[in-house]
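Visitor: One file is attached below, target14.cif, containing mmCIF, C-alpha atoms and all ligand atoms.
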```cif
data_run
loop_
_atom_site.label_atom_id
_atom_site.label_comp_id
_atom_site.auth_asym_id
_atom_site.auth_seq_id
_atom_site.Cartn_x
_atom_site.Cartn_y
_atom_site.Cartn_z
CA MET A 1 -24.89 -51.78 27.74
CA ASN A 2 -24.56 -49.68 24.59
CA SER A 3 -27.98 -50.70 23.40
CA TYR A 4 -28.48 -48.04 20.74
CA ILE A 5 -25.02 -48.69 19.34
CA ASN A 6 -25.69 -52.41 19.30
CA SER A 7 -29.00 -52.05 17.60
CA LEU A 8 -27.42 -49.95 14.84
CA LYS A 9 -24.79 -52.63 14.45
CA GLU A 10 -27.37 -55.40 14.30
CA GLN A 11 -29.27 -53.55 11.60
CA ASN A 12 -25.95 -53.11 9.86
CA LYS A 13 -26.85 -49.45 9.69
CA LEU A 14 -23.92 -47.20 9.18
CA SER A 15 -24.99 -43.92 10.65
CA ILE A 16 -24.44 -40.60 8.96
CA SER A 17 -25.86 -38.95 6.01
CA ILE A 18 -24.63 -35.43 5.76
CA ASP A 19 -27.83 -33.91 4.58
CA LYS A 20 -31.22 -35.17 3.68
CA ASN A 21 -30.61 -35.16 -0.05
CA LYS A 22 -27.11 -36.55 -0.24
CA THR A 23 -25.83 -39.64 1.46
CA PHE A 24 -22.09 -39.58 1.52
CA ASN A 25 -20.02 -42.68 1.38
CA TRP A 26 -18.10 -42.56 4.62
CA LYS A 27 -15.51 -44.87 3.21
CA TYR A 28 -12.82 -42.29 3.06
CA PHE A 29 -14.57 -39.09 3.97
CA LYS A 30 -12.23 -36.12 3.71
CA ILE A 31 -12.73 -33.00 5.84
CA ALA A 32 -10.22 -30.13 5.72
CA GLY A 33 -9.83 -26.45 6.40
CA PRO A 34 -8.10 -24.05 8.73
CA CYS A 35 -8.38 -24.35 12.49
CA SER A 36 -10.50 -21.21 12.64
CA VAL A 37 -12.27 -18.63 10.51
CA GLU A 38 -9.81 -15.73 10.40
CA GLY A 39 -11.65 -13.27 8.15
CA GLU A 40 -13.04 -12.89 4.66
CA SER A 41 -10.19 -15.02 3.33
CA ILE A 42 -12.24 -18.02 4.46
CA ILE A 43 -14.36 -17.80 1.30
CA GLU A 44 -11.41 -18.25 -1.06
CA ILE A 45 -9.89 -20.88 1.23
CA ALA A 46 -13.08 -22.96 1.09
CA LYS A 47 -12.96 -23.00 -2.72
CA GLU A 48 -9.28 -23.99 -2.67
CA ILE A 49 -9.91 -26.75 -0.15
CA LYS A 50 -12.62 -28.09 -2.44
CA ASN A 51 -10.12 -28.12 -5.30
CA CYS A 52 -7.77 -30.16 -3.11
CA GLY A 53 -10.43 -32.89 -3.07
CA ALA A 54 -12.21 -32.35 0.25
CA ASP A 55 -15.76 -33.62 0.80
CA ALA A 56 -16.45 -31.11 3.58
CA PHE A 57 -14.96 -27.87 4.90
CA ARG A 58 -13.93 -27.36 8.53
CA ALA A 59 -13.24 -24.08 10.35
CA GLY A 60 -14.16 -22.96 13.84
CA ALA A 61 -16.09 -19.74 14.34
CA TYR A 62 -15.92 -20.50 18.06
CA LYS A 63 -12.51 -21.68 19.28
CA PRO A 64 -12.25 -22.67 22.90
CA CYS A 65 -8.53 -22.35 23.68
CA THR A 66 -6.67 -24.00 26.55
CA PHE A 67 -5.98 -20.61 28.12
CA PRO A 68 -8.50 -17.78 27.82
CA ILE A 69 -7.49 -15.28 25.16
CA ARG A 70 -7.67 -11.77 26.59
CA THR A 71 -6.85 -9.64 23.62
CA GLU A 72 -8.79 -9.33 20.43
CA THR A 73 -6.92 -9.28 17.09
CA ASN A 74 -9.03 -7.91 14.23
CA GLY A 75 -12.17 -9.20 15.87
CA TRP A 76 -10.68 -12.66 16.58
CA LYS A 77 -11.00 -13.66 20.22
CA GLU A 78 -11.26 -17.41 20.56
CA GLY A 79 -12.74 -17.17 17.08
CA LEU A 80 -14.59 -14.55 15.08
CA ARG A 81 -17.75 -15.95 16.66
CA LYS A 82 -20.98 -14.58 15.12
CA GLU A 83 -19.09 -12.88 12.32
CA GLY A 84 -17.29 -16.17 11.69
CA LEU A 85 -20.60 -17.98 11.25
CA GLU A 86 -21.78 -15.36 8.76
CA LEU A 87 -18.57 -15.79 6.76
CA LEU A 88 -18.99 -19.56 6.84
CA LYS A 89 -22.43 -19.17 5.26
CA VAL A 90 -20.83 -17.41 2.31
CA ALA A 91 -17.97 -19.93 2.16
CA LYS A 92 -20.52 -22.74 2.02
CA LYS A 93 -22.50 -21.10 -0.77
CA GLU A 94 -19.46 -20.24 -2.85
CA SER A 95 -17.61 -23.54 -2.44
CA GLY A 96 -20.60 -25.88 -2.36
CA LEU A 97 -18.93 -27.82 0.45
CA PRO A 98 -20.83 -28.90 3.56
CA ILE A 99 -19.61 -27.14 6.71
CA VAL A 100 -18.24 -28.81 9.83
CA THR A 101 -18.02 -26.33 12.69
CA GLU A 102 -17.98 -26.38 16.47
CA VAL A 103 -20.93 -25.79 18.75
CA MET A 104 -19.76 -25.16 22.32
CA ASP A 105 -23.00 -25.00 24.22
CA ALA A 106 -26.63 -26.10 23.94
CA SER A 107 -27.75 -22.47 23.86
CA MET A 108 -25.77 -21.97 20.64
CA ILE A 109 -27.34 -24.83 18.65
CA GLU A 110 -29.87 -22.73 16.79
CA GLN A 111 -27.32 -20.12 15.77
CA VAL A 112 -24.60 -22.57 14.71
CA GLY A 113 -27.22 -24.85 13.11
CA GLU A 114 -28.00 -22.13 10.56
CA VAL A 115 -24.72 -22.91 8.83
CA ALA A 116 -23.43 -26.25 10.16
CA ASP A 117 -24.03 -29.39 8.08
CA VAL A 118 -22.17 -31.27 10.78
CA PHE A 119 -21.94 -30.08 14.39
CA GLN A 120 -18.47 -30.58 15.81
CA ILE A 121 -18.31 -31.26 19.54
CA GLY A 122 -14.87 -30.17 20.69
CA THR A 123 -12.72 -32.31 22.90
CA ARG A 124 -13.38 -30.03 25.86
CA ASN A 125 -17.13 -30.69 25.60
CA PHE A 126 -16.92 -34.43 25.04
CA GLN A 127 -18.83 -35.09 28.25
CA ASN A 128 -21.01 -32.00 28.29
CA TYR A 129 -24.19 -33.98 28.78
CA THR A 130 -26.53 -31.03 28.31
CA LEU A 131 -24.95 -30.45 24.90
CA LEU A 132 -24.97 -34.16 23.96
CA ASP A 133 -28.63 -34.53 24.97
CA ALA A 134 -29.59 -31.42 23.01
CA LEU A 135 -27.72 -32.54 19.89
CA GLY A 136 -29.48 -35.90 20.17
CA LYS A 137 -32.71 -34.07 19.39
CA GLN A 138 -31.34 -32.44 16.22
CA ASP A 139 -31.37 -33.90 12.74
CA ILE A 140 -27.97 -32.47 11.85
CA PRO A 141 -25.06 -34.97 12.01
CA VAL A 142 -22.62 -34.76 14.90
CA LEU A 143 -18.85 -35.24 14.86
CA LEU A 144 -17.96 -36.05 18.47
CA LYS A 145 -14.31 -35.38 19.27
CA ARG A 146 -12.88 -37.65 21.92
CA GLY A 147 -11.95 -35.94 25.15
CA THR A 148 -8.20 -36.11 25.70
CA TRP A 149 -8.94 -38.34 28.67
CA GLY A 150 -11.74 -40.46 27.16
CA THR A 151 -11.81 -44.19 27.85
CA VAL A 152 -13.58 -46.54 25.47
CA ASP A 153 -16.62 -46.66 27.77
CA GLU A 154 -16.72 -42.91 27.96
CA ILE A 155 -16.58 -42.65 24.17
CA LEU A 156 -19.37 -45.18 23.68
CA GLY A 157 -21.38 -43.62 26.51
CA ALA A 158 -21.16 -40.20 24.90
CA VAL A 159 -22.24 -41.63 21.53
CA GLU A 160 -25.13 -43.46 23.20
CA ARG A 161 -26.31 -40.23 24.75
CA ILE A 162 -26.66 -38.63 21.30
CA LEU A 163 -28.29 -41.72 19.77
CA ALA A 164 -30.69 -41.93 22.71
CA GLY A 165 -32.22 -38.60 21.71
CA GLY A 166 -32.98 -39.97 18.24
CA ASN A 167 -30.10 -38.53 16.22
CA GLU A 168 -28.43 -41.49 14.51
CA ASN A 169 -26.01 -39.38 12.51
CA VAL A 170 -22.98 -39.57 14.75
CA ALA A 171 -19.31 -40.04 13.91
CA ILE A 172 -16.46 -40.32 16.40
CA CYS A 173 -13.36 -38.21 15.91
CA LEU A 174 -10.11 -39.37 17.51
CA ARG A 175 -7.68 -36.48 17.98
CA GLY A 176 -4.96 -37.61 20.39
CA VAL A 177 -4.97 -38.05 24.14
CA VAL A 178 -2.98 -37.07 27.21
CA GLY A 179 0.32 -38.85 27.48
CA MET A 180 3.99 -38.08 27.51
CA PRO A 181 5.55 -39.19 24.22
CA SER A 182 9.30 -39.53 24.66
CA TYR A 183 9.94 -37.40 21.54
CA ARG A 184 8.08 -34.39 22.92
CA HIS A 185 11.14 -32.55 24.23
CA VAL A 186 12.48 -32.47 20.65
CA PHE A 187 9.17 -31.37 19.09
CA PRO A 188 7.83 -28.80 21.54
CA THR A 189 4.51 -28.13 19.79
CA ILE A 190 3.40 -31.72 20.39
CA ARG A 191 0.77 -31.73 23.11
CA TRP A 192 -1.03 -35.06 22.67
CA ALA A 193 -0.24 -38.68 21.98
CA PRO A 194 -1.78 -40.15 18.80
CA ASP A 195 -4.55 -42.61 19.69
CA LEU A 196 -4.37 -44.88 16.66
CA MET A 197 -5.03 -48.10 18.56
CA MET A 198 -8.48 -46.83 19.46
CA ILE A 199 -9.49 -47.17 15.79
CA PRO A 200 -9.45 -50.99 15.62
CA ALA A 201 -10.68 -51.16 19.22
CA LEU A 202 -13.80 -49.16 18.37
CA LYS A 203 -14.24 -50.98 15.06
CA GLU A 204 -14.48 -54.19 17.04
CA LEU A 205 -17.28 -52.74 19.15
CA THR A 206 -19.33 -50.51 16.89
CA ASN A 207 -20.04 -49.54 13.30
CA ILE A 208 -20.11 -45.80 14.09
CA PRO A 209 -17.82 -44.08 11.54
CA ILE A 210 -14.39 -43.12 12.85
CA ILE A 211 -12.78 -39.94 11.58
CA TYR A 212 -9.13 -39.44 12.49
CA ASP A 213 -7.65 -36.00 13.22
CA PRO A 214 -3.88 -36.23 12.61
CA SER A 215 -3.46 -32.47 13.08
CA HIS A 216 -4.33 -32.26 16.78
CA ALA A 217 -3.11 -35.80 17.43
CA THR A 218 0.41 -34.93 16.28
CA GLY A 219 0.68 -31.16 16.76
CA TYR A 220 3.42 -31.03 14.14
CA ARG A 221 2.83 -30.70 10.41
CA ASN A 222 5.53 -33.13 9.25
CA PHE A 223 3.78 -35.92 11.09
CA VAL A 224 0.36 -35.29 9.56
CA THR A 225 0.99 -37.30 6.37
CA PRO A 226 2.42 -40.46 7.98
CA VAL A 227 -0.18 -40.52 10.76
CA SER A 228 -2.99 -40.01 8.22
CA LYS A 229 -1.75 -43.03 6.28
CA ALA A 230 -1.51 -45.08 9.45
CA ALA A 231 -5.03 -44.12 10.53
CA LEU A 232 -6.53 -45.15 7.19
CA ALA A 233 -4.48 -48.33 7.09
CA ILE A 234 -5.95 -49.53 10.38
CA GLY A 235 -9.54 -48.73 9.59
CA ALA A 236 -10.40 -45.04 9.94
CA ASP A 237 -13.36 -44.06 7.74
CA GLY A 238 -12.05 -40.58 7.09
CA LEU A 239 -9.77 -37.74 8.07
CA ILE A 240 -10.22 -34.22 9.39
CA ILE A 241 -7.15 -32.14 8.65
CA GLU A 242 -6.09 -28.57 9.39
CA ALA A 243 -4.86 -26.88 6.22
CA HIS A 244 -4.12 -23.22 5.58
CA PRO A 245 -2.75 -21.17 2.65
CA ASP A 246 0.01 -19.79 4.88
CA PRO A 247 0.32 -22.40 7.64
CA ASP A 248 2.93 -20.63 9.80
CA ASN A 249 0.73 -17.56 10.00
CA SER A 250 -2.45 -19.35 11.06
CA ILE A 251 -3.99 -17.52 14.03
CA SER A 252 -4.63 -20.80 15.85
CA ASP A 253 -2.70 -24.07 15.69
CA PRO A 254 -0.01 -22.90 13.19
CA ALA A 255 2.52 -25.69 13.88
CA GLN A 256 0.17 -28.45 12.77
CA ALA A 257 -1.39 -26.75 9.73
CA ILE A 258 -0.33 -28.10 6.35
CA ASN A 259 -0.34 -26.32 2.99
CA TYR A 260 -2.53 -27.22 0.03
CA SER A 261 0.02 -29.32 -1.83
CA THR A 262 0.61 -31.49 1.25
CA LEU A 263 -3.16 -31.81 1.66
CA VAL A 264 -3.52 -33.08 -1.89
CA GLU A 265 -0.75 -35.60 -1.22
CA VAL A 266 -2.48 -36.81 1.94
CA PHE A 267 -5.85 -37.12 0.21
CA ASN A 268 -4.38 -39.04 -2.70
CA GLY A 269 -2.44 -41.36 -0.41
C1 LIG B 301 -10.29 -28.09 16.43
O1 LIG B 301 -10.77 -29.02 15.76
O2 LIG B 301 -9.76 -27.08 15.93
C2 LIG B 301 -10.28 -28.21 17.89
C3 LIG B 301 -10.44 -27.18 18.69
O3 LIG B 301 -10.06 -29.46 18.27
P1 LIG B 301 -10.17 -30.15 19.70
O4 LIG B 301 -11.55 -29.85 20.20
O5 LIG B 301 -9.94 -31.58 19.37
O6 LIG B 301 -9.07 -29.55 20.55
MN MN B 302 -7.32 -26.60 15.84
#
```
Could I get this structure in the form of structure tokens?

Guide:
Amino acid sequence: MNSYINSLKEQNKLSISIDKNKTFNWKYFKIAGPCSVEGESIIEIAKEIKNCGADAFRAGAYKPCTFPIRTETNGWKEGLRKEGLELLKVAKKESGLPIVTEVMDASMIEQVGEVADVFQIGTRNFQNYTLLDALGKQDIPVLLKRGTWGTVDEILGAVERILAGGNENVAICLRGVVGMPSYRHVFPTIRWAPDLMMIPALKELTNIPIIYDPSHATGYRNFVTPVSKAALAIGADGLIIEAHPDPDNSISDPAQAINYSTLVEVFNG
């Protein structure tokens, strides 16, 4: 069981180097950016996010939404897609930050791989085995987001599948799970239950880095700071946070986006 994970642990090998030249210290790795690329503003945003202290920039060019989006707003339809990737290339060059962005399907790896320094697997693709197998053959790191239903075996099994292909650069992202928190009727944008306990549980079983996502896990911006602190306090190796210059007007996930000053506060503890 979990043989690749165990052998990494035995070698005391912490996976993940973000690119071949730089090995980042995953002890407190900070990823931030808006939910999605919304337009040319992404270039300025990337520079500002760097100034807030981020180690990597996140933004989805492809945004699988819970319900299909039928109408296009200024080219945005579940993301700016190809155009979004082109803009991310510029954002990367201008900010100097590595890019974390979602790849939804094995057929998109080449295209997304032209800009991604870290491939994000979205929660909806957590058990897309074709995608996991294909990413196992890449030498670009993978941030695997836990499916909202994922058990510990399913998480470790998904990680194993990537490691089995030869890609040892895998981090797990916990982003909240299905559940019915009793405060939800008061905070209607909350969709998931924070899965903090999974951090020490996984730490007991593996040395794969754990990145916590307090934005999706809480769904409400005022909870992002306290849940970030809690995640770090119980062993998370880093955070991935949705931040936006004008949070309420984010195209996707506005209720959970925080502004820059809150981001700086979170990063500085
Ligand atoms: C995201 O990171 O913006 C995202 C779509 O997250 P998830 O796949 O966890 O829903
Ligand atoms: Mn989002």

Visitor: So the first atom is CA of Thr101 in chain A and the second is CA of Gly269 in chain A; what is the distance between them in Å, to one decimal place?

Guide: 25.3 Å

Visitor: Pick out the residues no farther than 9 Å from ligand LIG 301 (chain B), counting all atoms listed in the file, and list them as a ChimeraX atom specification.

Guide: /A:34-36,58-60,62-66,101-102,120-126,145-148,173-176,213,215-217,240-242,252-253

Visitor: Of the candidates A:Gly219, A:Gly238, A:Pro209, A:Gly53, which shows the shortest atom-to-atom distance to ligand MN 302 (chain B), using only C-alpha atoms and all ligand atoms?

Guide: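 Once distances to ligand MN 302 (chain B) are computed over only C-alpha atoms and all ligand atoms, the minimum belongs to A:Gly219.
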
Visitor: Residues near Asp117 in chain A, anyone? I mean within 10 Å using only C-alpha atoms, not counting same-chain ones fewer than 5 positions away, as a ChimeraX atom specification.

Guide: /A:17-19,56-57,92,97-101,112,139-142

Visitor: Work out how far apart CA of Asp195 in chain A and CA of Ile258 in chain A are and give it in Å to one decimal.

Guide: 20.2 Å

Visitor: Which residue out of A:Ala46, A:Leu143, A:Met108, A:Leu131 has the minimum interatomic distance to Gly96 in chain A when all atoms listed in the file are used?

Guide: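 That would be A:Ala46, the residue with the smallest distance to Gly96 in chain A.
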
Visitor: I want to know what sits within 9 Å of Lys89 in chain A, based on all atoms listed in the file, with residues of the same chain fewer than 6 positions away left out; could you give that as a PDB file with C-alpha atoms, in the frame of the given file?

Guide:
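Printed below is result-v3.pdb as written:
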```pdb
ATOM      1  CA  ILE A  99     -19.610 -27.140   6.710  1.00  0.00           C
ATOM      2  CA  GLU A 114     -28.000 -22.130  10.560  1.00  0.00           C
ATOM      3  CA  VAL A 115     -24.720 -22.910   8.830  1.00  0.00           C
ATOM      4  CA  ALA A 116     -23.430 -26.250  10.160  1.00  0.00           C
TER       5      ALA A 116
END
```

Visitor: Nearest to Leu8 in chain A: which of A:Ala193, A:Val170, A:Ala243, A:Leu263 is it, counting only C-alpha atoms?

Guide: A:Val170

Visitor: Here is a test: counting only C-alpha atoms and all ligand atoms, which residue of A:Ala61, A:Ile49, A:Val177, A:Val264 is nearest to ligand MN 302 (chain B)?

Guide: A:Ala61

Visitor: As an exercise, work out the distance from CA of Ser261 in chain A to CA of His244 in chain A in Å and give it to one decimal place.

Guide: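 Atom-to-atom, CA of Ser261 in chain A and CA of His244 in chain A are spaced 10.5 Å apart.
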
Visitor: Which polymer residues have any atom within 12 Å of an atom of Ala164 in chain A, counting all atoms listed in the file, with same-chain residues fewer than 2 positions away left out, as a VMD selection string?

Guide: chain A and resid 2 to 5 7 to 8 129 132 to 138 156 to 162 166 to 170

Visitor: Might you pull out every residue within 10 Å of Val90 in chain A, with all atoms listed in the file counted and same-chain residues fewer than 3 positions away left off, and present them as JSON, numbers by chain?

Guide: {"A": [40, 42, 43, 46, 85, 86, 87, 93, 94, 95, 96, 115]}

Visitor: Around the point (-8.9, -32.0, -0.5), in the coordinates given by the file, pick out the residues reaching within 9 Å, counting all atoms listed in the file, and return them as a PDB file with C-alpha atoms, in the coordinates of the input.

Guide:
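Wrote it out as out-v7.pdb, contents follow:
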```pdb
ATOM      1  CA  LYS A  30     -12.230 -36.120   3.710  1.00  0.00           C
ATOM      2  CA  ILE A  31     -12.730 -33.000   5.840  1.00  0.00           C
ATOM      3  CA  ALA A  32     -10.220 -30.130   5.720  1.00  0.00           C
ATOM      4  CA  GLY A  33      -9.830 -26.450   6.400  1.00  0.00           C
ATOM      5  CA  GLU A  48      -9.280 -23.990  -2.670  1.00  0.00           C
ATOM      6  CA  ILE A  49      -9.910 -26.750  -0.150  1.00  0.00           C
ATOM      7  CA  LYS A  50     -12.620 -28.090  -2.440  1.00  0.00           C
ATOM      8  CA  ASN A  51     -10.120 -28.120  -5.300  1.00  0.00           C
ATOM      9  CA  CYS A  52      -7.770 -30.160  -3.110  1.00  0.00           C
ATOM     10  CA  GLY A  53     -10.430 -32.890  -3.070  1.00  0.00           C
ATOM     11  CA  ALA A  54     -12.210 -32.350   0.250  1.00  0.00           C
ATOM     12  CA  ASP A  55     -15.760 -33.620   0.800  1.00  0.00           C
ATOM     13  CA  ALA A  56     -16.450 -31.110   3.580  1.00  0.00           C
ATOM     14  CA  TYR A 260      -2.530 -27.220   0.030  1.00  0.00           C
ATOM     15  CA  LEU A 263      -3.160 -31.810   1.660  1.00  0.00           C
ATOM     16  CA  VAL A 264      -3.520 -33.080  -1.890  1.00  0.00           C
ATOM     17  CA  GLU A 265      -0.750 -35.600  -1.220  1.00  0.00           C
ATOM     18  CA  VAL A 266      -2.480 -36.810   1.940  1.00  0.00           C
ATOM     19  CA  PHE A 267      -5.850 -37.120   0.210  1.00  0.00           C
ATOM     20  CA  ASN A 268      -4.380 -39.040  -2.700  1.00  0.00           C
TER      21      ASN A 268
END
```

Visitor: Nearest residue to ligand MN 302 (chain B) out of A:Pro194, A:Asn259, A:Tyr183, A:Thr218, using all atoms listed in the file?

Guide: A:Thr218

Visitor: So, counting only C-alpha atoms and all ligand atoms, which residue among A:Gly165, A:Ser228, A:Ala236, A:Pro214 is closest to ligand MN 302 (chain B)?

Guide: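 Looking only at the distances to ligand MN 302 (chain B), the closest residue turns out to be A:Pro214.
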
Visitor: Using the atoms already present, construct all heavy atoms for range 111-121 of chain A and hand them back as a compact mmCIF listing (two decimals), in the coordinates of the input.

Guide:
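Saved result, selection.txt, follows:
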```txt
# COMPACT_ATOMS: atom_id res chain seq x y z
N GLN A 111 -28.18 -21.05 16.52
CA GLN A 111 -27.32 -20.12 15.77
C GLN A 111 -26.31 -20.87 14.89
O GLN A 111 -26.19 -20.62 13.69
CB GLN A 111 -26.59 -19.27 16.82
CG GLN A 111 -25.78 -18.16 16.26
CD GLN A 111 -24.81 -17.61 17.32
OE1 GLN A 111 -24.36 -18.33 18.20
NE2 GLN A 111 -24.50 -16.35 17.21
N VAL A 112 -25.61 -21.83 15.47
CA VAL A 112 -24.60 -22.57 14.71
C VAL A 112 -25.27 -23.47 13.66
O VAL A 112 -24.77 -23.65 12.56
CB VAL A 112 -23.69 -23.39 15.66
CG1 VAL A 112 -22.67 -24.21 14.88
CG2 VAL A 112 -22.98 -22.48 16.65
N GLY A 113 -26.48 -23.96 14.02
CA GLY A 113 -27.22 -24.85 13.11
C GLY A 113 -27.67 -24.15 11.83
O GLY A 113 -28.03 -24.82 10.87
N GLU A 114 -27.64 -22.83 11.80
CA GLU A 114 -28.00 -22.13 10.56
C GLU A 114 -26.97 -22.34 9.47
O GLU A 114 -27.25 -22.16 8.30
CB GLU A 114 -28.15 -20.63 10.84
CG GLU A 114 -29.46 -20.30 11.49
CD GLU A 114 -29.56 -18.83 11.84
OE1 GLU A 114 -28.87 -18.01 11.20
OE2 GLU A 114 -30.32 -18.54 12.78
N VAL A 115 -25.75 -22.69 9.86
CA VAL A 115 -24.72 -22.91 8.83
C VAL A 115 -24.13 -24.33 8.87
O VAL A 115 -23.74 -24.87 7.84
CB VAL A 115 -23.60 -21.84 8.90
CG1 VAL A 115 -22.89 -21.86 10.21
CG2 VAL A 115 -22.60 -22.01 7.76
N ALA A 116 -24.12 -24.96 10.04
CA ALA A 116 -23.43 -26.25 10.16
C ALA A 116 -24.19 -27.38 9.45
O ALA A 116 -25.39 -27.53 9.63
CB ALA A 116 -23.28 -26.62 11.63
N ASP A 117 -23.48 -28.14 8.62
CA ASP A 117 -24.03 -29.39 8.08
C ASP A 117 -23.65 -30.53 8.99
O ASP A 117 -24.26 -31.59 8.96
CB ASP A 117 -23.48 -29.64 6.67
CG ASP A 117 -23.95 -28.56 5.72
OD1 ASP A 117 -25.10 -28.64 5.28
OD2 ASP A 117 -23.19 -27.61 5.46
N VAL A 118 -22.59 -30.32 9.76
CA VAL A 118 -22.17 -31.27 10.78
C VAL A 118 -21.76 -30.44 12.00
O VAL A 118 -20.94 -29.53 11.89
CB VAL A 118 -20.94 -32.10 10.33
CG1 VAL A 118 -20.47 -33.03 11.45
CG2 VAL A 118 -21.27 -32.90 9.07
N PHE A 119 -22.36 -30.74 13.15
CA PHE A 119 -21.94 -30.08 14.39
C PHE A 119 -20.70 -30.77 14.92
O PHE A 119 -20.70 -31.98 15.13
CB PHE A 119 -23.01 -30.23 15.48
CG PHE A 119 -24.22 -29.35 15.32
CD1 PHE A 119 -25.48 -29.92 15.22
CD2 PHE A 119 -24.11 -27.96 15.33
CE1 PHE A 119 -26.62 -29.12 15.12
CE2 PHE A 119 -25.24 -27.15 15.22
CZ PHE A 119 -26.49 -27.74 15.12
N GLN A 120 -19.65 -30.01 15.16
CA GLN A 120 -18.47 -30.58 15.81
C GLN A 120 -18.60 -30.34 17.32
O GLN A 120 -18.86 -29.23 17.76
CB GLN A 120 -17.21 -29.88 15.28
CG GLN A 120 -15.94 -30.33 15.96
CD GLN A 120 -14.70 -29.73 15.27
OE1 GLN A 120 -14.61 -29.69 14.05
NE2 GLN A 120 -13.75 -29.26 16.07
N ILE A 121 -18.43 -31.42 18.08
CA ILE A 121 -18.31 -31.26 19.54
C ILE A 121 -16.82 -31.30 19.82
O ILE A 121 -16.15 -32.27 19.49
CB ILE A 121 -19.02 -32.40 20.30
CG1 ILE A 121 -20.51 -32.43 19.96
CG2 ILE A 121 -18.83 -32.22 21.81
CD1 ILE A 121 -21.30 -33.51 20.68
```
